[in-house]
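The structure appears right after this line, and notes come after that.
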Amino acid sequence: MSMEEKQNSQTSLDFNQNIFKPTSREEIVEIVKTCYRKNIPLEINGLKSKNKIGRNFQSEKTLDLSDYKGIIDYKPEELYIKVKAGTPLKEIIGELDKNNQQLAFEPNDFGYLFSGQSNSGSIGGVVSCNFAGSRRFKVGSVRDHILGFQGINGKGETIKSGGTVVKNVTGYDLSKLVSGSFGTLTILTELSIKVLPKPETSKTLIIKNPHLKKALDFLGKALSSSTDPSGGVFYPDYFGKDFVLNDLTHDGGLTAIRIEGPTNSVDQRVNRLSKELGLLDQELSILDSEQSNIFWSRTKNLEVFKSLKSNLLRIVLPMSETLKVIQKLKNFEIKYFIDWGGGLIWASFDQLNTKILSEIKDTVKKHQGYITLIKVEEDLKASADIFTIDPIKYKISEKIKRSFDPKRIFNPGKMYTGI
Amino acid sequence: MSSLQMPKVDNAIMSKKDKIASDLREIINSKNVLSNPDELRPFETDGLTAYRQMPLLVVMPETVEEVSQILKYCNENKVKVVPRGAGTGLSGGSMPLEDCVLMAMGKFNKIIEIDFENRCVVTQPCVTNLAITHAVQDKGFYYAPDPSSQIACSIGGNVAENSGGVHSLKYGATTNNLLGIQVVLMDGTVTKFGGKAMDAEGYDFLGLMTGSEGLLGVITEVTVKILKSPEVVKAALVGFPSIEDAGNCVAEIIAEGCIPAGMEIMDKALTKATNDYSKAGYPTDAEAMMIVEFDGTEHEVEAYIQKTKEIAEKNNSSSLKISKTNEERLKFWAGRKAAFPACGVLAPDYMCMDGSIPRGKLAEVLNEISRLSKKYNLPVANAFHAGDGNLHPLIMFDANDKESLRKCEDFGADILKYCVKVGGALTGEHGVGIEKRELMCEAFNDKDIQQQLTIKVALDPNSLLNPGKVYPILRKCAEEGRVHVHGGKTKFPDIPRF
């Protein structure tokens, strides 16, 4: 027995329990070292708001990081916050609110979809899934806001990358790699995240319009204009009626474009944009800050899918392909809405099986996009690929996985078989 | 050539030079394989001119298939490969090795597609950064990252180094403006990471490759996003009686929720030098001078400029000028952009450092630099991308005096160590390369470095692609060269540097 093994076997860790709920990094290290030694696969959870996304996999033990939480350091003037990975997003947002700052990537709240009520999860989960909200085309994804992290690799070693400063090109940018890795590479312990000032005002142009083609035209023009929008969505008729707001003078299909910034600038840009888009008064409503925030919060929360039992897909595409893909998907019974100014489709299918799924995947792939299965029935989940990948990238992913987690003990198989 | 240690020269490879050259001539057009010393000479260094090394051979592939076949050949025959774009890098990332094939990507110089609908440009890697903006500006678009060498540096090199620029506080660095790349791995595998969509499936290899300094793959195609040019751009030129006041002003502007497009500070020494050199009209009596630029719509820019004015006055500004015309704004920048050549006038040689610090530590770090300047008895001038905490001290010395060079290198290393100590980073935008390689252990411990090396080994098991760069060969913090300029002559003297 090596010295290290001896030390591990003498620790206080009760290994009979199935769920570990560590409160310190030392405990996490001890758990991982033991699992590494004994080849025990671990399921890693935060607040479980998104743990149903991903493949089912066999794990002997669960590592629950919900007690590993707290804000370590928040420097508003340096535009960063450093937190423990299990910290609830809600707590972070609450703290940033006090200084009129925000996480600009407005991550989706999947609680409504999976449990009928808000659960925005932990920051570790947000980073691990890398699902960004409507500002994506303007401010980037979650990964673009991660300045650095500390994590535990599959051998129980504490590693770090990046730091707290925005400009840092020292070594490989592992913060990008761990973002969106669904807990398969490291156990995140600490995250340093870029924060930004909240815009003084937010207004939203709502254009009455049931047609996707027209909507994409509006969105394309808006995103290519110097009015600098920060959100662009299209809800077809069946979803448009879900939005009842004081200043929203019509129901049915709608295109919404958000403009944010200093108040007088927002007014100027809203006017300019409505002129550039050639909008008539009767087809246009303008939401004030409060209503605008409600509208985008509902979009972020995927609230139109609140009561959806299953069959929700997330489809990312070049904007030029969105119309073609939707036209093809209309062969199936679908309900969808478009986010990211045209680059993201959230689509629910009445019926979904492996055959239909494979057709959808082929279609999306042909149009240079990819899909992620967000909510599907258990039997389909067992037989279908949740994430897409091509063989070359699979091979590279396998190697990268091994470099972090040589014995495949972190969420093994959650993303892909063998990874 | 200084005594910088590089990976051991493989004598078997050296002795097979002719055979390797003739094999490579089978793979690509024979005129694109260079082997005689006169032809190799132009490739012996990059923007870090203090170090020179002739490569074994130079290859200039013309297609992705050729890149793939060359790498496959070199991998199978254990030949080291060093990729090179425009050769403007400041950290020695494409400095050749004695036994390497230098892969010069210069023939990949065409823009492949301009796609306004998806607001992106697909280009070959050796197109210059500025050429992308030039290709789209007639429609009112531009490519945001603007490293100061943008008229010469290649977009592929920008990806390899994750280049920043003056505007990265608001618009991010290369990594935040990149949609996709095509890459050839050391075993010849050709693959694409990302594309025209905003995100890609699976692990973020695009993010991993960006800033990996040519150690993980050779970039053969790049897709970048383009932005609509802002309607109005205005700058303010502000003088302060102390560095502390300038630093506080920066912090307060940010805290007030204004995110400028660019925010630069120069200390008194540099303000005077640049003003003498470029007649930019700077307040030379000020201890610190700030240029702050906002872009956006007219009202937005006005609102921010007004706020800046109030904050500057509150922080004891001694002078304040706001650009009335675009010409005036460019004049504000002219001095700042001439910072390097201006220092060339002050001393026979200077070295440019590239550390990153928390914005709030500016005064502390500058005080430390001034203390070190006295200790080493070498003058220093400081330029600072204040918005994002990226500091560029320019240390003046005389390379003909060996003692002076040694002191300069010690001084530089002390500055970077101090940057790390206050919570910053060794390099903000120039990369590690060979320049800061030995300082990596100041920022990372063994486990951190080991994790990075296992990634390298996963993709390049024989460590043949750009070896000896980024990661220390010896575990000692030697202090080696910086951007070394003799008699004001940089490799590309016409390129304004920050």
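All residue names refer to the structure tokens as shown: chains lettered A, B, ... in order, residues numbered from 1 in each chain, ligands numbered from 1 in order.
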
Using only C-alpha atoms and a cut-off of 7 Å, which residues of chain B sit close to chain A? Please list them as an NGL selection string.
:B and (117-118 or 162 or 176 or 196-199 or 201-205 or 207-208 or 211-212 or 228-231 or 251 or 254-255 or 257 or 297 or 299-300 or 356-359 or 388 or 390 or 424-429 or 431-432 or 447-448 or 452 or 454-455 or 458 or 470)

Given the selection you just returned, output its residues as a file containing C-alpha atoms, formatted as a PDB file, in the first residue's frame.
```pdb
ATOM      1  CA  GLU B 117     -27.066  36.860 -43.193  1.00  0.00           C
ATOM      2  CA  ASN B 118     -25.252  34.965 -40.443  1.00  0.00           C
ATOM      3  CA  ASN B 162      -6.324  34.557 -28.237  1.00  0.00           C
ATOM      4  CA  ASN B 176     -15.439  35.663 -27.689  1.00  0.00           C
ATOM      5  CA  LYS B 196     -21.733  29.341 -38.297  1.00  0.00           C
ATOM      6  CA  ALA B 197     -24.086  28.477 -35.443  1.00  0.00           C
ATOM      7  CA  MET B 198     -23.598  30.277 -32.127  1.00  0.00           C
ATOM      8  CA  ASP B 199     -22.726  27.156 -30.140  1.00  0.00           C
ATOM      9  CA  GLU B 201     -22.145  20.286 -29.644  1.00  0.00           C
ATOM     10  CA  GLY B 202     -20.076  18.490 -27.036  1.00  0.00           C
ATOM     11  CA  TYR B 203     -16.901  19.668 -25.375  1.00  0.00           C
ATOM     12  CA  ASP B 204     -15.826  23.188 -26.264  1.00  0.00           C
ATOM     13  CA  PHE B 205     -12.783  22.354 -28.372  1.00  0.00           C
ATOM     14  CA  GLY B 207     -12.443  27.334 -26.683  1.00  0.00           C
ATOM     15  CA  LEU B 208      -9.599  24.928 -25.907  1.00  0.00           C
ATOM     16  CA  GLY B 211      -5.024  30.580 -27.116  1.00  0.00           C
ATOM     17  CA  SER B 212      -3.313  27.170 -27.193  1.00  0.00           C
ATOM     18  CA  LYS B 228     -22.352  46.377 -37.113  1.00  0.00           C
ATOM     19  CA  SER B 229     -20.101  49.414 -36.749  1.00  0.00           C
ATOM     20  CA  PRO B 230     -21.213  51.791 -34.023  1.00  0.00           C
ATOM     21  CA  GLU B 231     -22.908  54.929 -35.218  1.00  0.00           C
ATOM     22  CA  ALA B 251     -12.848  52.054 -11.004  1.00  0.00           C
ATOM     23  CA  ILE B 254     -16.880  50.914 -14.276  1.00  0.00           C
ATOM     24  CA  ALA B 255     -18.798  50.922 -10.989  1.00  0.00           C
ATOM     25  CA  GLY B 257     -22.199  51.000 -15.067  1.00  0.00           C
ATOM     26  CA  THR B 297     -25.793  55.653 -30.638  1.00  0.00           C
ATOM     27  CA  HIS B 299     -27.523  59.684 -27.067  1.00  0.00           C
ATOM     28  CA  GLU B 300     -25.827  56.702 -25.495  1.00  0.00           C
ATOM     29  CA  SER B 356      -2.705  41.529 -16.221  1.00  0.00           C
ATOM     30  CA  ILE B 357      -3.828  42.949 -12.871  1.00  0.00           C
ATOM     31  CA  PRO B 358      -7.074  43.744 -11.074  1.00  0.00           C
ATOM     32  CA  ARG B 359      -8.003  47.314 -12.080  1.00  0.00           C
ATOM     33  CA  ASP B 388      -9.393  45.317 -18.567  1.00  0.00           C
ATOM     34  CA  ASN B 390      -3.698  44.780 -18.935  1.00  0.00           C
ATOM     35  CA  GLY B 424      -3.370  39.095 -11.891  1.00  0.00           C
ATOM     36  CA  ALA B 425      -1.879  37.017 -14.695  1.00  0.00           C
ATOM     37  CA  LEU B 426       1.501  36.571 -16.392  1.00  0.00           C
ATOM     38  CA  THR B 427       0.158  37.502 -19.762  1.00  0.00           C
ATOM     39  CA  GLY B 428      -2.940  39.371 -20.812  1.00  0.00           C
ATOM     40  CA  GLU B 429      -2.670  39.112 -24.565  1.00  0.00           C
ATOM     41  CA  GLY B 431       0.887  34.723 -24.897  1.00  0.00           C
ATOM     42  CA  VAL B 432       3.433  32.697 -22.953  1.00  0.00           C
ATOM     43  CA  LYS B 447      -0.805  19.706 -10.632  1.00  0.00           C
ATOM     44  CA  ASP B 448      -2.238  22.555 -12.702  1.00  0.00           C
ATOM     45  CA  GLN B 452      -2.568  20.932 -19.048  1.00  0.00           C
ATOM     46  CA  THR B 454      -1.987  15.605 -20.175  1.00  0.00           C
ATOM     47  CA  ILE B 455      -4.276  17.415 -22.603  1.00  0.00           C
ATOM     48  CA  ALA B 458      -3.828  13.339 -25.433  1.00  0.00           C
ATOM     49  CA  VAL B 470       4.301  27.651 -23.042  1.00  0.00           C
TER      50      VAL B 470
END
```

Write out as a list in words which residues come within 12 Å of Asn11 in chain B when counting only C-alpha atoms, dropping same-chain ones fewer than 6 positions away.
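The residues that qualify are Lys17, Leu56, Lys78, Val79, Glu98, Asp99 and Cys100 of chain B.
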
From the list A:Ser24, A:Thr299, A:Ser348, A:Thr204, which residue is nearest Ile286 in chain A when using only C-alpha atoms?
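So, comparing all the options, the nearest one is A:Thr204.
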
Give me the residues near Lys306 in chain A as a VMD selection string, where near means some atom within 9 Å (using only C-alpha atoms) and where sequence neighbours in that chain fewer than 2 positions away do not count.
chain A and resid 111 to 117 301 to 304 308 to 309

Just the number, please: distance in Å from CA of Glu368 in chain B to CA of Ile415 in chain B, one decimal.
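Interatomic distance, CA of Glu368 in chain B to CA of Ile415 in chain B: 8.0 Å.
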
Please measure the separation of CA of Ala144 in chain B and CA of Lys170 in chain B, giving the value in Å to one decimal.
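Taking CA of Ala144 in chain B and CA of Lys170 in chain B, their separation equals 9.5 Å.
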
Which is closest to Ala173 in chain B among B:Lys331, B:Arg437, B:His430, B:Lys456, if we use only C-alpha atoms?
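Closest candidate: B:His430.
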
Which parts of range 37-227 of chain B does DSSP call strand (DSSP E) when run on the backbone here, written out as a VMD selection string?
chain B and resid 57 to 59 80 to 84 100 to 104 111 to 115 120 to 123 141 to 142 178 to 184 190 to 194 218 to 225 227

Give me, as an mmCIF file with C-alpha atoms, in the first residue's frame, all polymer residues having an atom no more than 12 Å from Glu62 in chain B, counting only C-alpha atoms and skipping those fewer than 3 positions away in the same chain.
```
data_model
loop_
_atom_site.group_PDB
_atom_site.id
_atom_site.type_symbol
_atom_site.label_atom_id
_atom_site.label_comp_id
_atom_site.auth_asym_id
_atom_site.auth_seq_id
_atom_site.Cartn_x
_atom_site.Cartn_y
_atom_site.Cartn_z
ATOM 1 C CA ILE B 27 3.905 15.602 -50.702
ATOM 2 C CA ILE B 28 3.714 19.234 -51.804
ATOM 3 C CA ASN B 29 4.905 21.343 -54.679
ATOM 4 C CA SER B 30 8.692 21.069 -54.427
ATOM 5 C CA LYS B 31 9.205 24.827 -54.630
ATOM 6 C CA ASN B 32 7.223 25.136 -51.401
ATOM 7 C CA VAL B 33 9.842 23.229 -49.421
ATOM 8 C CA VAL B 59 7.229 24.103 -45.764
ATOM 9 C CA GLU B 65 -4.869 18.172 -47.539
ATOM 10 C CA GLU B 66 -1.205 19.181 -47.778
ATOM 11 C CA VAL B 67 -1.185 20.356 -44.167
ATOM 12 C CA SER B 68 -2.724 17.058 -43.132
ATOM 13 C CA GLN B 69 -0.230 14.973 -45.117
ATOM 14 C CA ILE B 70 2.776 16.932 -43.879
ATOM 15 C CA MET B 103 5.056 25.234 -41.303
ATOM 16 C CA ALA B 104 4.549 28.712 -42.762
ATOM 17 C CA MET B 105 0.845 29.217 -43.448
ATOM 18 C CA GLY B 106 1.329 32.327 -45.611
ATOM 19 C CA LYS B 107 -0.322 30.811 -48.661
ATOM 20 C CA PHE B 108 -3.622 30.475 -46.803
ATOM 21 C CA ASN B 109 -4.350 34.095 -47.504
ATOM 22 C CA LYS B 110 -7.856 34.233 -48.947
ATOM 23 C CA GLN B 124 -8.149 31.183 -44.403
ATOM 24 C CA PRO B 125 -5.864 31.670 -41.405
ATOM 25 C CA CYS B 126 -3.211 33.914 -42.907
ATOM 26 C CA THR B 220 -6.553 25.974 -41.527
#
```

Could you pull out the residues in range 23-251 of chain B that DSSP calls helix (DSSP H, G or I) from the backbone, as a ChimeraX atom specification?
/B:23-27,30-32,37-43,64-76,129-139,155-161,168-171,174-177,205-209,243-251

Pick the closest to Asn18 in chain A from A:Ile123, A:Leu42, A:Leu47, A:Ile315: which is it, counting only C-alpha atoms?
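With only C-alpha atoms as the atom set, the closest residue is A:Leu42.
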